[in-house]
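To keep things clear, I will list the structure first and then write my remarks on it.
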Amino acid sequence: MKPFTKHTGLVAPMDRVNVDTDQIVPKQFIKWVTREGYGRVLFYDWRYRDGEVPNPDFVLNKPRYAGATVLLARANFGCGSSREHAPWAIHGYGFRAIIAPSYADIFYNNCFKNGILPVTLPDAQVDELFRKTEQTEGYRVTVDLETQTVTDDSGFRIPFQVDPFRRDCLLNGWDDIGLTLRFEDQISEYERRQKPGATQYSPVKQ
Amino acid sequence: MPPRTMYEKIWDAHVVREEPGQPAIIYIDRHLVHEATSAQAFAGLRAAGRKVRRPDLTFATMDHSIPTKNRHLPLADDVAAAQFAALEKNCRDFDILLFDTRSPQQGIVHVIGPELGLTQPGLTIVCGDSHTATHGAFGVLAFGIGTSEVEHVLATQCLSQFRSKTMLVRVEGKRAPGVTAKDIILAIIGKIGIGGGTGHVIEYAGEAIRALSMEGRMTVCNMSIEGGARAGMVSPDETTFAYLEGRPFTPRGKDFQAAVDHWKSVATDAGAKHDTLVEFHAPDIAPQVTWGTNPGMVTDITGRVPDPNSFKSDVDRRAAESALEYMALKPGTKIEDIAVDQVFIGSCTNSRIEDLRAAARVAAGKKVSASLKAALVVPGSMQVKAQAEKEGLDKIFRAAGFEWRDAGCSMCLAMNDDVLPSGERCASTSNRNFEGRQGKGGRTHLVSPVMAAAAAIEGHFVDVRGWAVDQSE
Ligand code: SF4
């Protein structure tokens with residue numbers, strides 16, 4: 001897993017509630033069998049007009065947000081489908097952190113598996129960041145997982161909460177599967193005790 | 001032991017390891033796999049030189065990109081073909097039972113699991129798919145996971161998870177004829193909001209839930225994720241046991257009795273506490289129709305498209321404005337005055353035999369309105385299709401002017417050729433009305449199967465409660 005410790009970057013505002021993963025990566029791209037290449041298709045239907053011509057009205061296409069690496073979003077970001085293609089696209093585009101008042105559970109989880117830090121802040125502070133982003137061209141923040149703070153260079157500083165276990169995993173870039181396999185003995189012991197099985201009583205094989 | 005909820009019981013029974021301050025490692029009894037979210041997980045497994053720990057607990061199907069007609073021809077979509085080929089190879093290499101495009105048991109993953117009897121009370125089931133909550137209808141802890149977690153389950157048969165909070169949604173009273181499980185769950189989502197269940201597992205209870213068939217309970221649990229909850233559950237009872245008896249993976253004879261005894265112990269204990277309680281009165285629930293671009297934007301068939309200015313918060317007002325713009329609807333329009341171009345009856349929410357029976361009763365002897373461009377019925381599995389044909393439902397649908405297709409996700413997400421064209425409006429029995437879900441620029445209204453069938457016939461939404469058809473289940 002990719003580690004995340006601290007990141008400073010340009011902020012892009014996605015000023016919509018309930019942005020769902022169908023918007024983040026539309027279905028036609030979840031046919032691919034790789035984990036790469038999704039940056040180009042992030043927010044595809046909003047970002048492009050027919051023939052993949054960039055839509056100048058879409059926020060990420062505005063020159064002032066080119067090269068953004070921190071995505072500022074609204075409540076319930078990443079709702080809907082469980083597709084991990086969504087964080088793959090967000091990471092592939094170049095975003096390293098997201099700041100929003102809340103996230104859908106599966107998406108939130110998927111971010112940590114892909115080296116993206118989803119920062120949760122109260123509405124009022126997210127509002128303030130939206131104002132700052134719109135008012136100040138080139139507005140940048142630093143998201144620091146070690147100190148658990150979001151700061152900018154004009155004195156703004158807000159702490160955020162994150163589960164300590166998830167934080168450790170992300171800081172170290174630990175491999176989740178490796179972590180679980182440390183307890184292989186206990187898994188085997190569970191299997192001996194509980195005998196999980198799926199018996200086929202009448203045939204379904206062709 | 002103090003009284004426990006069904007969620008707590010299933011959780012406790014599956015803990016492999018639990019330490020304070022860390023996620024628990026819980027054991028997974030069934031891992032369901034489909035083509036759209038698994039290829040990268042198998043690739044990761046190979047790259048790390050790992051094996052599938054329990055191929056015997058892993059089951060795969062092809063549903064998302066599968067065509068619903070002309071299956072005897074080669075697949076025209078090369079990208080989808082490559083994804084199918086990858087799943088076939090992965091299942092072959094790792095010895096996983098696959099219900100492929102030619103299998104008589106092929107179907108949508110959340111339809112075939114229960115149908116085969118793989119879904120049984122007290123189990124943990126996961127799938128790289130957010131509608132895995134469907135299986136919770138049987139008193140199962142079932143939830144969707146991302147592809148990294150799919151790889152994790154393949155490698156370890158376990159997941160690392162934090163305990164969720166629980167929300168009890170109680171629906172008391174009897175629903176009116178013409179009001180279905182779909183209307184109950186849409187009304188619930190309309191009230192709690194699409195993020196209302198975040199961080200929770202929902203347990204549905206009360207007279208109106210008990211009265212539902214297994215198909216109805218699956219419809220309710222299926223859309224838990226549309227309310228933000230990863231899982232939704234119903235305590236198992238006689239309805240559950242009767243559904244399961246005789247299915248391919250359900251125990252037989254004496255073993256079945258022993259299983260039922262165990263299954264009974266799964267139900268939530270009297271006096272068990274949930275973190276949150278929400279109550280509904282079933283007689284107050286009318287047939288529901290969504291008007292916006294998420295499932296919480298929903299109202300009664302007798303209602304009107306709301307005015308964005310009626311929303312209190314600024315973000316909600318803007319969300320409603322942009323939804324109405326996308327949907328090309330004006331505030332104040334009567335829902336019954338909204339004309340549709342297409343009707344889609346299908347998806348893991350509403351493509352089971354009962355859904356098709358109910359829709360067929362509405363369509364019987366009538367004709368799809370000439371104003372419609374298409375009306376599709378897509379059974380959830382090839383077994384549902386076969387059963388429906390045995391009952392003559394295909395003939396009823398065809399005679400009325402519906403197309404009758406092979407099983408798959410189809411126009412629920414339009415990964416195959418069943419795409420809603422831009423600008424067209426669809427009455428759909430699926431679960432998501434997100435922008436572009438059924439096709440870029442397509443406009444989706446979520447409804448029940450009987451409401452969809454009635455809309456097909458009238459060419460616009462109509463209150464099916466006024467129709468003289470048998471609407472008992
Ligand atoms: S029918 Fe729709 S919601 Fe259900 S699994 Fe298929 S794509 Fe997902």
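FYI, nothing fancy with the structure tokens labels: chains A, B, ... in order, residues from 1 per chain, ligands from 1 as they appear.
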(message) I need the alpha helix (DSSP H) residues of region 348-392 of chain B per DSSP on the backbone, written as a list in words.
(response)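 Reading the DSSP output for region 348-392 of chain B, alpha helix (DSSP H) covers Ile353, Glu354, Asp355, Leu356, Arg357, Ala358, Ala359, Ala360, Arg361, Val362, Ala363, Met382, Gln383, Val384, Lys385, Ala386, Gln387, Ala388, Glu389 and Lys390 of chain B.
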(request) Pick out the residues no farther than 9 Å from ligand 1, counting only C-alpha atoms and all ligand atoms, and list them as a PyMOL selection string. (result) (chain A and resi 81) or (chain B and resi 34+63-65+108-111+129-132+222-223+346-351+380+408-415+430-432)
(request) For CA of Asn61 (chain A) and CA of Val41 (chain A), quote the distance in Å rounded to one decimal. (result)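 For CA of Asn61 (chain A) relative to CA of Val41 (chain A), the distance reads 13.0 Å.
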Show me a table, sorted first by chain and then by increasing residue number, of the residues of chain A having an atom at most 6 Å from chain B, each with its shortest atom pair and the distance in Å to one decimal, counting only C-alpha atoms and written as a Markdown table.
| residue | atom | partner | partner_atom | distance |
| --- | --- | --- | --- | --- |
| A:Gln28 | CA | B:Met415 | CA | 6.0 |
| A:Lys31 | CA | B:Ala80 | CA | 5.9 |
| A:Val33 | CA | B:Ala39 | CA | 5.4 |
| A:Thr34 | CA | B:Gln40 | CA | 5.8 |
| A:Ser81 | CA | B:Ser130 | CA | 5.5 |
| A:Ser82 | CA | B:Ser130 | CA | 5.0 |
| A:Glu84 | CA | B:Gly146 | CA | 5.3 |
| A:Phe165 | CA | B:Gln22 | CA | 5.9 |
| A:Ile177 | CA | B:His152 | CA | 5.5 |
| A:Thr199 | CA | B:Phe249 | CA | 5.9 |
| A:Gln200 | CA | B:Phe249 | CA | 4.6 |
| A:Tyr201 | CA | B:Pro248 | CA | 5.4 |
| A:Ser202 | CA | B:Pro248 | CA | 4.7 |
Give me a file of those residues, with N, CA and C atoms, as a tab-separated table (two decimals), in the first residue's frame.
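Below is the file that was written, selection_8.tsv:
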chain	number	residue	atom	x	y	z
A	28	GLN	N	-18.62	2.69	-18.01
A	28	GLN	CA	-17.93	2.10	-19.18
A	28	GLN	C	-16.45	1.83	-18.89
A	31	LYS	N	-14.86	-1.70	-16.93
A	31	LYS	CA	-14.61	-2.96	-17.64
A	31	LYS	C	-13.12	-3.24	-17.73
A	33	VAL	N	-9.31	-4.15	-16.79
A	33	VAL	CA	-8.83	-5.14	-15.83
A	33	VAL	C	-7.56	-4.68	-15.10
A	34	THR	N	-7.19	-3.43	-15.25
A	34	THR	CA	-5.99	-2.90	-14.59
A	34	THR	C	-6.38	-1.95	-13.45
A	81	SER	N	-21.97	3.09	-5.64
A	81	SER	CA	-21.25	1.87	-5.96
A	81	SER	C	-19.94	1.72	-5.19
A	82	SER	N	-19.57	0.47	-4.90
A	82	SER	CA	-18.36	0.18	-4.13
A	82	SER	C	-17.10	0.28	-4.98
A	84	GLU	N	-13.77	0.44	-6.57
A	84	GLU	CA	-12.51	1.03	-6.11
A	84	GLU	C	-11.86	1.83	-7.24
A	165	PHE	N	-5.66	3.35	14.18
A	165	PHE	CA	-5.18	2.19	13.45
A	165	PHE	C	-5.03	2.50	11.96
A	177	ILE	N	-3.09	-7.24	3.76
A	177	ILE	CA	-3.17	-8.70	3.72
A	177	ILE	C	-2.05	-9.29	4.59
A	199	THR	N	-21.76	-26.92	1.39
A	199	THR	CA	-21.99	-28.21	0.76
A	199	THR	C	-23.05	-28.08	-0.33
A	200	GLN	N	-22.76	-28.71	-1.44
A	200	GLN	CA	-23.75	-28.73	-2.50
A	200	GLN	C	-24.55	-30.02	-2.39
A	201	TYR	N	-25.83	-29.89	-2.13
A	201	TYR	CA	-26.66	-31.07	-1.90
A	201	TYR	C	-27.29	-31.59	-3.18
A	202	SER	N	-27.56	-30.69	-4.13
A	202	SER	CA	-27.99	-31.15	-5.45
A	202	SER	C	-27.16	-30.40	-6.47
(request) Output as a ChimeraX atom specification all residues of region 45-269 of chain B that backbone DSSP marks as strand (DSSP E). (result) /B:58-61,97-99,124-127,141-144,158-161,165-172,200-205,231-233
(request) Please provide the set of residues having any atom within 12 Å of Arg71 (chain B), restricted to only C-alpha atoms, with same-chain residues fewer than 3 positions apart removed, written as a count of residues only. (result) 14
(request) Would you mind listing what lies within 6 Å of Ile98 (chain A) as a PyMOL selection string, with only C-alpha atoms counted and same-chain residues fewer than 6 positions away left out? (result) chain A and resi 70-72+118-119
Output file for the selection above: N, CA, C and O atoms, as a short mmCIF file (atom, residue, chain, number, x, y, z; two decimals), in the first residue's frame:
data_model
loop_
_atom_site.label_atom_id
_atom_site.label_comp_id
_atom_site.auth_asym_id
_atom_site.auth_seq_id
_atom_site.Cartn_x
_atom_site.Cartn_y
_atom_site.Cartn_z
N VAL A 70 -5.31 18.51 -3.85
CA VAL A 70 -6.19 18.35 -2.69
C VAL A 70 -7.61 18.64 -3.17
O VAL A 70 -7.88 19.71 -3.73
N LEU A 71 -8.51 17.68 -2.97
CA LEU A 71 -9.88 17.84 -3.45
C LEU A 71 -10.77 18.23 -2.27
O LEU A 71 -10.86 17.50 -1.28
N LEU A 72 -11.41 19.37 -2.41
CA LEU A 72 -12.31 19.86 -1.37
C LEU A 72 -13.72 19.50 -1.79
O LEU A 72 -14.15 19.84 -2.90
N PRO A 118 -8.55 10.72 3.31
CA PRO A 118 -9.82 11.45 3.34
C PRO A 118 -9.97 12.15 4.69
O PRO A 118 -10.18 11.50 5.71
N VAL A 119 -9.83 13.46 4.68
CA VAL A 119 -9.91 14.24 5.92
C VAL A 119 -11.36 14.63 6.16
O VAL A 119 -12.03 15.13 5.25
#
